[in-house]
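Dropping data_36.pdb in here (PDB, C-alpha atoms):
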MODEL        1
ATOM      1  CA  MET R 749     143.798 -20.032  30.247
ATOM      2  CA  ASN R 750     142.670 -21.768  33.396
ATOM      3  CA  GLU R 751     145.584 -20.520  35.434
ATOM      4  CA  TYR R 752     144.287 -16.958  35.019
ATOM      5  CA  ILE R 753     140.957 -17.676  36.699
ATOM      6  CA  PRO R 754     142.342 -16.719  40.172
ATOM      7  CA  VAL R 755     143.436 -13.377  38.746
ATOM      8  CA  LEU R 756     139.937 -12.793  37.457
ATOM      9  CA  ILE R 757     138.470 -13.725  40.843
ATOM     10  CA  MET R 758     140.944 -11.382  42.538
ATOM     11  CA  LEU R 759     139.937  -8.589  40.160
ATOM     12  CA  VAL R 760     136.256  -9.094  40.840
ATOM     13  CA  LEU R 761     136.800  -9.264  44.611
ATOM     14  CA  ALA R 762     138.908  -6.112  44.621
ATOM     15  CA  ALA R 763     136.347  -4.225  42.561
ATOM     16  CA  ALA R 764     133.531  -5.508  44.779
ATOM     17  CA  THR R 765     135.382  -4.417  47.934
ATOM     18  CA  ALA R 766     136.065  -0.937  46.606
ATOM     19  CA  GLY R 767     132.570  -0.562  45.200
ATOM     20  CA  GLY R 768     131.003  -2.050  48.323
ATOM     21  CA  MET R 769     132.755   0.472  50.536
ATOM     22  CA  LEU R 770     131.451   3.356  48.439
ATOM     23  CA  VAL R 771     127.923   1.972  48.383
ATOM     24  CA  ALA R 772     127.921   1.191  52.119
ATOM     25  CA  THR R 773     129.203   4.664  52.956
ATOM     26  CA  SER R 774     126.596   6.363  50.830
ATOM     27  CA  LEU R 775     123.864   4.214  52.370
ATOM     28  CA  ILE R 776     124.717   4.356  56.084
ATOM     29  CA  GLY R 777     126.843   7.503  56.366
ATOM     30  CA  PRO R 778     125.163  10.502  58.010
ATOM     31  CA  LYS R 779     124.762  13.456  55.679
ATOM     32  CA  LYS R 780     123.718  17.052  55.953
ATOM     33  CA  SER R 781     124.167  19.678  53.289
ATOM     34  CA  PHE R 782     123.943  23.400  53.871
ATOM     35  CA  VAL R 783     125.230  26.446  52.038
ATOM     36  CA  ASP R 784     128.414  26.958  54.041
ATOM     37  CA  LYS R 785     129.392  23.319  53.707
ATOM     38  CA  MET R 786     128.873  23.076  49.961
ATOM     39  CA  GLU R 787     131.039  26.091  49.141
ATOM     40  CA  PRO R 788     134.379  25.300  47.498
ATOM     41  CA  PHE R 789     137.133  24.721  50.031
ATOM     42  CA  GLU R 790     139.623  27.586  50.103
ATOM     43  CA  CYS R 791     141.452  26.731  53.322
ATOM     44  CA  GLY R 792     138.599  28.248  55.302
ATOM     45  CA  GLU R 793     138.499  31.559  53.471
ATOM     46  CA  SER R 794     135.516  32.706  51.499
ATOM     47  CA  PRO R 795     136.086  31.760  47.854
ATOM     48  CA  ILE R 796     134.604  35.007  46.538
ATOM     49  CA  VAL R 797     135.566  38.303  48.144
ATOM     50  CA  SER R 798     135.710  41.875  46.938
ATOM     51  CA  SER R 799     139.008  42.892  45.398
ATOM     52  CA  LYS R 800     138.602  46.411  46.781
ATOM     53  CA  LEU R 801     140.403  45.602  50.011
ATOM     54  CA  ARG R 802     141.571  48.737  51.823
ATOM     55  CA  PHE R 803     144.331  49.009  54.368
ATOM     56  CA  SER R 804     146.228  51.890  55.919
ATOM     57  CA  ILE R 805     148.897  53.698  53.900
ATOM     58  CA  LYS R 806     151.050  53.616  57.037
ATOM     59  CA  PHE R 807     151.868  49.990  56.361
ATOM     60  CA  TYR R 808     153.698  51.214  53.259
ATOM     61  CA  LEU R 809     156.169  53.214  55.347
ATOM     62  CA  VAL R 810     156.691  50.327  57.754
ATOM     63  CA  ALA R 811     157.402  47.967  54.863
ATOM     64  CA  LEU R 812     159.800  50.425  53.256
ATOM     65  CA  PHE R 813     161.784  50.990  56.459
ATOM     66  CA  PHE R 814     161.899  47.272  57.021
ATOM     67  CA  VAL R 815     163.446  46.706  53.596
ATOM     68  CA  ILE R 816     166.091  49.413  54.146
ATOM     69  CA  PHE R 817     167.231  48.189  57.550
ATOM     70  CA  ASP R 818     166.950  44.589  56.480
ATOM     71  CA  ILE R 819     169.468  45.301  53.713
ATOM     72  CA  GLU R 820     171.674  46.949  56.305
ATOM     73  CA  ALA R 821     171.635  43.775  58.374
ATOM     74  CA  VAL R 822     172.288  41.681  55.255
ATOM     75  CA  TYR R 823     175.473  43.686  54.582
ATOM     76  CA  ALA R 824     176.554  43.739  58.203
ATOM     77  CA  TYR R 825     176.591  39.966  58.608
ATOM     78  CA  PRO R 826     179.249  39.128  55.969
ATOM     79  CA  TRP R 827     181.271  42.086  57.179
ATOM     80  CA  ALA R 828     181.177  40.685  60.714
ATOM     81  CA  VAL R 829     182.233  37.249  59.462
ATOM     82  CA  LEU R 830     185.180  38.666  57.493
ATOM     83  CA  PHE R 831     185.950  41.397  59.999
ATOM     84  CA  LYS R 832     189.597  40.409  60.555
ATOM     85  CA  ASP R 833     190.355  39.788  56.855
ATOM     86  CA  LEU R 834     188.961  43.136  55.755
ATOM     87  CA  GLY R 835     190.862  44.990  58.440
ATOM     88  CA  MET R 836     190.764  48.744  58.874
ATOM     89  CA  PHE R 837     189.688  49.357  55.260
ATOM     90  CA  GLY R 838     186.547  47.291  55.698
ATOM     91  CA  PHE R 839     185.825  48.906  59.047
ATOM     92  CA  ILE R 840     185.957  52.429  57.636
ATOM     93  CA  GLU R 841     183.912  51.458  54.567
ATOM     94  CA  MET R 842     181.258  49.908  56.767
ATOM     95  CA  MET R 843     181.186  52.857  59.123
ATOM     96  CA  ILE R 844     180.550  55.195  56.176
ATOM     97  CA  PHE R 845     177.664  52.957  55.070
ATOM     98  CA  LEU R 846     176.214  52.741  58.584
ATOM     99  CA  THR R 847     176.598  56.496  59.112
ATOM    100  CA  ILE R 848     174.618  57.227  55.948
ATOM    101  CA  LEU R 849     171.847  54.915  57.128
ATOM    102  CA  ALA R 850     172.005  56.328  60.659
ATOM    103  CA  ILE R 851     171.536  59.851  59.264
ATOM    104  CA  GLY R 852     168.516  58.512  57.379
ATOM    105  CA  LEU R 853     167.190  56.896  60.536
ATOM    106  CA  ILE R 854     167.554  60.134  62.520
ATOM    107  CA  TYR R 855     165.809  61.989  59.697
ATOM    108  CA  VAL R 856     162.767  59.671  59.572
ATOM    109  CA  TRP R 857     162.635  59.615  63.357
ATOM    110  CA  ARG R 858     162.634  63.427  63.533
ATOM    111  CA  ARG R 859     159.969  63.600  60.824
ATOM    112  CA  GLY R 860     157.781  61.315  62.930
ATOM    113  CA  ALA R 861     157.632  58.500  60.426
ATOM    114  CA  LEU R 862     158.148  55.921  63.158
ATOM    115  CA  GLU R 863     155.016  57.073  64.955
ATOM    116  CA  TRP R 864     151.863  55.215  63.967
ATOM    117  CA  ASP R 865     149.433  58.066  64.585
TER
ATOM    118  CA  MET P 259     130.751  27.141  77.503
ATOM    119  CA  GLY P 260     127.095  26.840  76.628
ATOM    120  CA  LEU P 261     127.876  24.262  73.987
ATOM    121  CA  LYS P 262     128.769  21.542  76.425
ATOM    122  CA  ASN P 263     125.192  20.427  76.475
ATOM    123  CA  ARG P 264     123.795  17.038  75.862
ATOM    124  CA  LYS P 265     123.100  17.686  72.214
ATOM    125  CA  TYR P 266     126.700  17.021  71.278
ATOM    126  CA  GLY P 267     127.443  14.410  73.889
ATOM    127  CA  VAL P 268     126.612  10.763  73.815
ATOM    128  CA  SER P 269     122.958  10.086  74.461
ATOM    129  CA  PRO P 270     122.085   8.468  77.763
ATOM    130  CA  GLU P 271     121.145   4.858  77.248
ATOM    131  CA  PRO P 272     118.962   3.540  80.052
ATOM    132  CA  SER P 273     116.312   2.509  77.518
ATOM    133  CA  ARG P 274     118.761   0.397  75.569
ATOM    134  CA  GLU P 275     118.007  -3.292  75.777
ATOM    135  CA  PRO P 276     120.911  -5.652  76.372
ATOM    136  CA  LEU P 277     121.937  -7.161  73.106
ATOM    137  CA  ASP P 278     120.713 -10.728  72.948
ATOM    138  CA  SER P 279     123.227 -12.017  70.457
ATOM    139  CA  GLU P 280     124.398 -14.988  72.502
ATOM    140  CA  ALA P 281     121.333 -17.069  71.787
ATOM    141  CA  ALA P 282     121.723 -16.635  68.062
ATOM    142  CA  GLU P 283     125.405 -17.415  68.258
ATOM    143  CA  ARG P 284     124.727 -20.594  70.204
ATOM    144  CA  LEU P 285     122.180 -21.617  67.606
ATOM    145  CA  LEU P 286     124.512 -21.025  64.677
ATOM    146  CA  GLY P 287     127.656 -22.364  66.289
ATOM    147  CA  SER P 288     130.786 -20.490  67.238
ATOM    148  CA  SER P 289     131.704 -19.731  63.632
ATOM    149  CA  VAL P 290     129.175 -16.904  63.464
ATOM    150  CA  LEU P 291     129.214 -13.585  65.292
ATOM    151  CA  VAL P 292     126.009 -11.614  65.627
ATOM    152  CA  THR P 293     126.145  -7.911  66.321
ATOM    153  CA  LYS P 294     124.429  -4.702  65.452
ATOM    154  CA  LEU P 295     125.267  -2.529  62.485
ATOM    155  CA  GLU P 296     125.659   0.405  64.864
ATOM    156  CA  SER P 297     128.346  -1.400  66.837
ATOM    157  CA  VAL P 298     130.213  -2.489  63.735
ATOM    158  CA  VAL P 299     130.118   0.984  62.238
ATOM    159  CA  ASN P 300     131.309   2.538  65.510
ATOM    160  CA  TRP P 301     134.075  -0.039  65.720
ATOM    161  CA  ALA P 302     135.178   0.806  62.197
ATOM    162  CA  ARG P 303     134.951   4.536  62.799
ATOM    163  CA  LYS P 304     136.974   4.557  65.974
ATOM    164  CA  TYR P 305     139.959   2.859  64.370
ATOM    165  CA  SER P 306     140.037   4.923  61.184
ATOM    166  CA  PHE P 307     140.194   8.602  62.070
ATOM    167  CA  PHE P 308     141.401  10.787  59.257
ATOM    168  CA  LEU P 309     142.876  13.908  60.797
ATOM    169  CA  TYR P 310     142.590  17.461  59.631
ATOM    170  CA  PRO P 311     145.526  19.133  61.396
ATOM    171  CA  PHE P 312     144.405  22.691  62.090
ATOM    172  CA  VAL P 313     147.805  23.736  63.374
ATOM    173  CA  THR P 314     148.096  27.398  64.348
ATOM    174  CA  ALA P 315     150.793  27.551  66.989
ATOM    175  CA  CYS P 316     153.651  25.918  68.833
ATOM    176  CA  CYS P 317     151.648  22.819  69.849
ATOM    177  CA  GLY P 318     152.180  21.830  66.227
ATOM    178  CA  MET P 319     155.672  20.661  67.154
ATOM    179  CA  GLU P 320     154.171  18.333  69.709
ATOM    180  CA  PHE P 321     151.645  17.188  67.143
ATOM    181  CA  MET P 322     154.477  16.309  64.749
ATOM    182  CA  SER P 323     156.163  14.426  67.543
ATOM    183  CA  VAL P 324     153.081  12.395  68.366
ATOM    184  CA  ALA P 325     152.354  11.742  64.701
ATOM    185  CA  GLY P 326     155.934  10.657  64.046
ATOM    186  CA  PRO P 327     157.404   7.180  64.434
ATOM    187  CA  LYS P 328     158.393   7.400  68.085
ATOM    188  CA  TYR P 329     154.929   7.893  69.559
ATOM    189  CA  ASP P 330     153.191   6.711  66.414
ATOM    190  CA  LEU P 331     149.599   7.843  66.220
ATOM    191  CA  ASP P 332     149.185   5.225  63.519
ATOM    192  CA  ARG P 333     148.890   2.517  66.191
ATOM    193  CA  PHE P 334     145.428   3.903  66.882
ATOM    194  CA  GLY P 335     144.449   4.143  63.260
ATOM    195  CA  ALA P 336     144.665   7.916  63.283
ATOM    196  CA  ALA P 337     147.728   8.542  61.212
ATOM    197  CA  LEU P 338     146.765   9.913  57.860
ATOM    198  CA  PRO P 339     146.500  13.709  57.791
ATOM    199  CA  ARG P 340     144.087  14.965  55.164
ATOM    200  CA  PHE P 341     144.419  18.570  54.119
ATOM    201  CA  SER P 342     140.911  18.815  52.822
ATOM    202  CA  PRO P 343     138.014  18.756  55.272
ATOM    203  CA  ARG P 344     136.048  16.723  52.734
ATOM    204  CA  GLN P 345     138.283  13.762  53.425
ATOM    205  CA  ALA P 346     138.778  14.227  57.163
ATOM    206  CA  ASP P 347     136.629  13.276  60.129
ATOM    207  CA  LEU P 348     138.759  14.333  63.104
ATOM    208  CA  LEU P 349     139.475  18.051  63.387
ATOM    209  CA  MET P 350     142.660  18.481  65.426
ATOM    210  CA  VAL P 351     142.688  22.074  66.638
ATOM    211  CA  VAL P 352     146.329  22.456  67.575
ATOM    212  CA  GLY P 353     147.192  25.814  69.063
ATOM    213  CA  THR P 354     145.881  29.280  69.817
ATOM    214  CA  ILE P 355     142.806  30.439  67.939
ATOM    215  CA  SER P 356     142.627  34.195  67.611
ATOM    216  CA  HIS P 357     139.401  35.991  66.805
ATOM    217  CA  LYS P 358     140.780  36.650  63.316
ATOM    218  CA  GLN P 359     141.221  32.916  62.879
ATOM    219  CA  ALA P 360     137.866  31.945  64.363
ATOM    220  CA  PRO P 361     135.731  32.257  61.175
ATOM    221  CA  ILE P 362     138.233  30.071  59.340
ATOM    222  CA  LEU P 363     138.025  27.383  62.008
ATOM    223  CA  VAL P 364     134.231  27.466  61.906
ATOM    224  CA  LYS P 365     134.233  27.212  58.133
ATOM    225  CA  VAL P 366     136.624  24.271  58.138
ATOM    226  CA  TYR P 367     134.434  22.552  60.725
ATOM    227  CA  ASN P 368     131.323  23.238  58.681
ATOM    228  CA  GLN P 369     132.893  21.877  55.523
ATOM    229  CA  MET P 370     133.919  18.580  57.077
ATOM    230  CA  THR P 371     131.905  15.558  56.131
ATOM    231  CA  GLU P 372     129.830  13.708  58.709
ATOM    232  CA  PRO P 373     130.603  12.052  61.033
ATOM    233  CA  LYS P 374     133.050  14.565  62.463
ATOM    234  CA  TRP P 375     134.799  14.903  65.772
ATOM    235  CA  VAL P 376     136.833  17.729  67.270
ATOM    236  CA  PHE P 377     139.977  17.339  69.312
ATOM    237  CA  ALA P 378     141.111  20.387  71.337
ATOM    238  CA  PHE P 379     144.877  19.975  71.477
ATOM    239  CA  GLY P 380     146.634  22.082  74.086
ATOM    240  CA  ILE P 381     145.432  24.545  76.670
ATOM    241  CA  CYS P 382     145.069  27.413  74.182
ATOM    242  CA  ALA P 383     142.509  25.486  72.157
ATOM    243  CA  VAL P 384     140.838  24.252  75.338
ATOM    244  CA  SER P 385     140.401  27.576  77.139
ATOM    245  CA  GLY P 386     142.637  30.232  75.617
ATOM    246  CA  GLY P 387     145.380  29.322  78.068
ATOM    247  CA  PHE P 388     147.425  32.223  79.307
ATOM    248  CA  TYR P 389     146.266  34.345  76.377
ATOM    249  CA  ASP P 390     143.526  35.783  78.541
ATOM    250  CA  ASN P 391     143.104  38.812  76.283
ATOM    251  CA  TYR P 392     140.880  40.461  73.708
ATOM    252  CA  ALA P 393     142.550  38.824  70.733
ATOM    253  CA  THR P 394     142.204  35.166  71.623
ATOM    254  CA  VAL P 395     139.181  32.894  71.569
ATOM    255  CA  GLN P 396     138.676  31.669  75.129
ATOM    256  CA  GLY P 397     138.298  28.033  74.201
ATOM    257  CA  ILE P 398     137.176  26.677  70.843
ATOM    258  CA  ASP P 399     134.031  25.267  72.436
ATOM    259  CA  THR P 400     132.648  28.798  72.172
ATOM    260  CA  LEU P 401     132.674  28.198  68.398
ATOM    261  CA  ILE P 402     132.295  24.506  67.618
ATOM    262  CA  PRO P 403     131.347  21.401  69.592
ATOM    263  CA  VAL P 404     134.396  19.696  71.071
ATOM    264  CA  ASP P 405     134.698  15.983  71.855
ATOM    265  CA  VAL P 406     138.021  15.716  73.646
ATOM    266  CA  TYR P 407     139.917  18.327  75.627
ATOM    267  CA  VAL P 408     143.628  17.719  76.073
ATOM    268  CA  PRO P 409     145.184  20.525  78.148
ATOM    269  CA  GLY P 410     148.884  21.134  78.541
ATOM    270  CA  CYS P 411     151.302  23.709  77.214
ATOM    271  CA  PRO P 412     152.046  21.704  75.170
ATOM    272  CA  PRO P 413     150.481  18.363  76.111
ATOM    273  CA  ARG P 414     152.866  15.454  76.304
ATOM    274  CA  PRO P 415     152.449  12.839  73.558
ATOM    275  CA  GLU P 416     151.150  10.389  76.141
ATOM    276  CA  MET P 417     148.349  12.818  76.969
ATOM    277  CA  VAL P 418     147.419  13.108  73.307
ATOM    278  CA  LEU P 419     147.341   9.346  72.939
ATOM    279  CA  ASP P 420     145.222   9.101  76.067
ATOM    280  CA  GLY P 421     142.849  11.701  74.668
ATOM    281  CA  LEU P 422     142.604   9.776  71.431
ATOM    282  CA  MET P 423     141.775   6.582  73.308
ATOM    283  CA  LYS P 424     139.112   8.469  75.264
ATOM    284  CA  LEU P 425     137.673   9.626  71.966
ATOM    285  CA  GLN P 426     137.656   6.048  70.707
ATOM    286  CA  GLU P 427     135.711   5.006  73.788
ATOM    287  CA  LYS P 428     133.255   7.794  73.157
ATOM    288  CA  VAL P 429     132.832   6.866  69.491
ATOM    289  CA  ALA P 430     132.173   3.251  70.455
ATOM    290  CA  LYS P 431     129.191   4.390  72.536
ATOM    291  CA  GLU P 432     127.595   6.654  69.945
ATOM    292  CA  ARG P 433     124.104   6.162  68.579
ATOM    293  CA  TRP P 434     122.724   6.724  65.096
ATOM    294  CA  SER P 435     120.701   9.596  66.483
ATOM    295  CA  ASP P 436     123.858  11.489  67.453
ATOM    296  CA  TRP P 437     124.382  12.230  63.757
ATOM    297  CA  PRO P 438     124.472  14.394  61.737
ATOM    298  CA  ARG P 439     125.699  17.326  63.769
ATOM    299  CA  GLY P 440     125.303  19.878  60.981
ATOM    300  CA  ALA P 441     126.622  23.418  61.127
ATOM    301  CA  ALA P 442     128.477  24.963  64.032
ATOM    302  CA  PRO P 443     126.099  26.960  66.271
ATOM    303  CA  VAL P 444     127.850  30.254  65.530
ATOM    304  CA  THR P 445     127.474  29.953  61.755
ATOM    305  CA  ASP P 446     125.933  32.901  59.958
ATOM    306  CA  ALA P 447     122.191  32.333  59.674
ATOM    307  CA  THR P 448     122.184  32.889  55.914
ATOM    308  CA  LYS P 449     124.676  30.087  55.430
ATOM    309  CA  ILE P 450     122.928  27.251  57.183
ATOM    310  CA  THR P 451     119.956  26.906  54.875
ATOM    311  CA  GLU P 452     119.895  23.357  53.629
ATOM    312  CA  CYS P 453     120.629  22.642  50.023
TER
ENDMDL
END

Reformat the file's structure so that it appears as structure tokens.
Amino acid sequence: MNEYIPVLIMLVLAAATAGGMLVATSLIGPKKSFVDKMEPFECGESPIVSSKLRFSIKFYLVALFFVIFDIEAVYAYPWAVLFKDLGMFGFIEMMIFLTILAIGLIYVWRRGALEWD
Amino acid sequence: MGLKNRKYGVSPEPSREPLDSEAAERLLGSSVLVTKLESVVNWARKYSFFLYPFVTACCGMEFMSVAGPKYDLDRFGAALPRFSPRQADLLMVVGTISHKQAPILVKVYNQMTEPKWVFAFGICAVSGGFYDNYATVQGIDTLIPVDVYVPGCPPRPEMVLDGLMKLQEKVAKERWSDWPRGAAPVTDATKITEC
């Protein structure tokens, strides 16, 4: 049993060090509590906000157009990579697809959907 | 720039008496060191900064570089980033602060535990930099007290390390009466009532 005495001493010392740090900090550390500080931390945002957040309907159109032309770019990239393998067939297919989207773009442009105001 | 007043700086110390520890040390032999609690606490504080990286822009890359193994911020005891202000005591404001972001920065500063220091990393945090426009805060010292200004777009790692060493020198000279700092001066009046 005697050979375990150092382990016990080690345990006590470790606990005393950890506890001593906590006690020393709480005794000599500067403290100040105010409302803003004691709120829960939400990465700097207010933890409680109204859910009735309003924003302009125009963002909806912007988001929709982004999705459409993003998909266009997504299809265009693999076509560009395999341009030679697909040959004339792929070129014509892609041109049909791009023409349809271009007609749509001209339409929304003419309707003024790209204007913010 | 009105915040660069003495309130947040280190107090002048003409009234400070020279520490007469040598007599006691001579009496007790060279195995004993006598010092003041203030000095020991400042010594401990200056080598154990826990960072809160408030990274908003491209300076963040330079921050990663200086925190990484090559430049090794850990040599100065300031290595461990804490992503909660409750556990951090050095607010690293790395990058441009827009007016949209400003309330968040103030809140993070307010929620940090004392003692707390602020490090303006890069020219955008220092003065707004070339974003001299309506959207950008023209220097974070219009919001919160700043301890060290490190300009540069971005600052070189050596500059950051130099700034950190300057901050360590400043911390070593602090007095008990410099703390606590409390809320940032721009905090909403309803939110600074003590509790």

(request) Could you state which residues are captured by the PyMOL selection byres ((chain R) within 9 of (chain P)) in this file, as a PyMOL selection string? (result) chain R and resi 776-789+791-794

So what does the PyMOL selection byres ((chain R and resi 809) around 12) actually pick up in this one, as a PDB file with C-alpha atoms, keeping the file's coordinate frame?
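Result file follows (selection.pdb):
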ATOM      1  CA  SER R 804     146.228  51.890  55.919  1.00  0.00           C
ATOM      2  CA  ILE R 805     148.897  53.698  53.900  1.00  0.00           C
ATOM      3  CA  LYS R 806     151.050  53.616  57.037  1.00  0.00           C
ATOM      4  CA  PHE R 807     151.868  49.990  56.361  1.00  0.00           C
ATOM      5  CA  TYR R 808     153.698  51.214  53.259  1.00  0.00           C
ATOM      6  CA  VAL R 810     156.691  50.327  57.754  1.00  0.00           C
ATOM      7  CA  ALA R 811     157.402  47.967  54.863  1.00  0.00           C
ATOM      8  CA  LEU R 812     159.800  50.425  53.256  1.00  0.00           C
ATOM      9  CA  PHE R 813     161.784  50.990  56.459  1.00  0.00           C
ATOM     10  CA  PHE R 814     161.899  47.272  57.021  1.00  0.00           C
ATOM     11  CA  VAL R 815     163.446  46.706  53.596  1.00  0.00           C
ATOM     12  CA  ILE R 816     166.091  49.413  54.146  1.00  0.00           C
ATOM     13  CA  VAL R 856     162.767  59.671  59.572  1.00  0.00           C
ATOM     14  CA  GLY R 860     157.781  61.315  62.930  1.00  0.00           C
ATOM     15  CA  ALA R 861     157.632  58.500  60.426  1.00  0.00           C
ATOM     16  CA  LEU R 862     158.148  55.921  63.158  1.00  0.00           C
ATOM     17  CA  GLU R 863     155.016  57.073  64.955  1.00  0.00           C
ATOM     18  CA  TRP R 864     151.863  55.215  63.967  1.00  0.00           C
TER      19      TRP R 864
END

(request) Just the residues within 10 Å of Ile355 in chain P, please, counting all atoms listed in the file, with nothing from its chain fewer than 5 positions along; format it as a list of chain:residue names. (result)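 With the cut-off at 10 Å, the set is P:Phe312, P:Val313, P:Thr314, P:Ala315, P:Ala360, P:Pro361, P:Ile362, P:Leu363, P:Cys382, P:Ala383, P:Val384, P:Ser385, P:Gly386, P:Tyr389, P:Ala393, P:Thr394, P:Val395, P:Gln396, P:Gly397, P:Ile398.
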
Report the centre and edge lengths, in Å to one decimal, of an axis-aligned box enclosing every atom of range 414-426 of chain P listed in the file, padded by 4 Å on each side, as lines of an AutoDock Vina configuration file.
center_x = 145.3
center_y = 10.8
center_z = 73.8
size_x = 23.2
size_y = 17.4
size_z = 14.3

(request) Could you list the residues chosen by the PyMOL selection byres ((chain P and resi 346) around 6) in this structure as a list in words? (result) Phe308, Leu309, Tyr310, Arg340, Pro343, Arg344, Gln345, Asp347 and Leu348 of chain P

(request) Name all residues at most 10 Å from Phe845 in chain R (count only C-alpha atoms; drop same-chain ones fewer than 4 positions away) and give them as a ChimeraX atom specification. (result) /R:820,823-824,839-841,849-850

Which polymer residues have any atom within 10 Å of an atom of Leu419 in chain P, counting only C-alpha atoms, with same-chain residues fewer than 5 positions away left out, as a short mmCIF file (atom, residue, chain, number, x, y, z; two decimals) with C-alpha atoms, keeping the file's coordinate frame?
data_model
loop_
_atom_site.label_atom_id
_atom_site.label_comp_id
_atom_site.auth_asym_id
_atom_site.auth_seq_id
_atom_site.Cartn_x
_atom_site.Cartn_y
_atom_site.Cartn_z
CA VAL P 324 153.08 12.40 68.37
CA ALA P 325 152.35 11.74 64.70
CA TYR P 329 154.93 7.89 69.56
CA ASP P 330 153.19 6.71 66.41
CA LEU P 331 149.60 7.84 66.22
CA ARG P 333 148.89 2.52 66.19
CA PHE P 334 145.43 3.90 66.88
CA VAL P 408 143.63 17.72 76.07
CA ARG P 414 152.87 15.45 76.30
CA LYS P 424 139.11 8.47 75.26
CA LEU P 425 137.67 9.63 71.97
#

(message) Using all atoms listed in the file, can you tell me which of P:Ala302, P:Leu291, P:Pro413, P:His357 comes closest to Ala430 in chain P?
(response)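 Closest to Ala430 in chain P of all the choices is P:Ala302.
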
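Reported to one decimal place, the separation of CA of Val352 in chain P from CA of Ser323 in chain P is 12.7 Å.
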
(request) To one decimal in Å, tell me the separation between CA of Asp420 in chain P and CA of Thr354 in chain P. (result) 21.1 Å

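What separates CA of Ala378 in chain P from CA of Val404 in chain P is a distance of 6.8 Å.
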
(message) Using all atoms listed in the file, can you tell me which of P:Gly387, P:Gly287, P:Pro311, P:Pro415 comes closest to Gly326 in chain P?
(response)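 Closest residue, counting all atoms listed in the file: P:Pro415.
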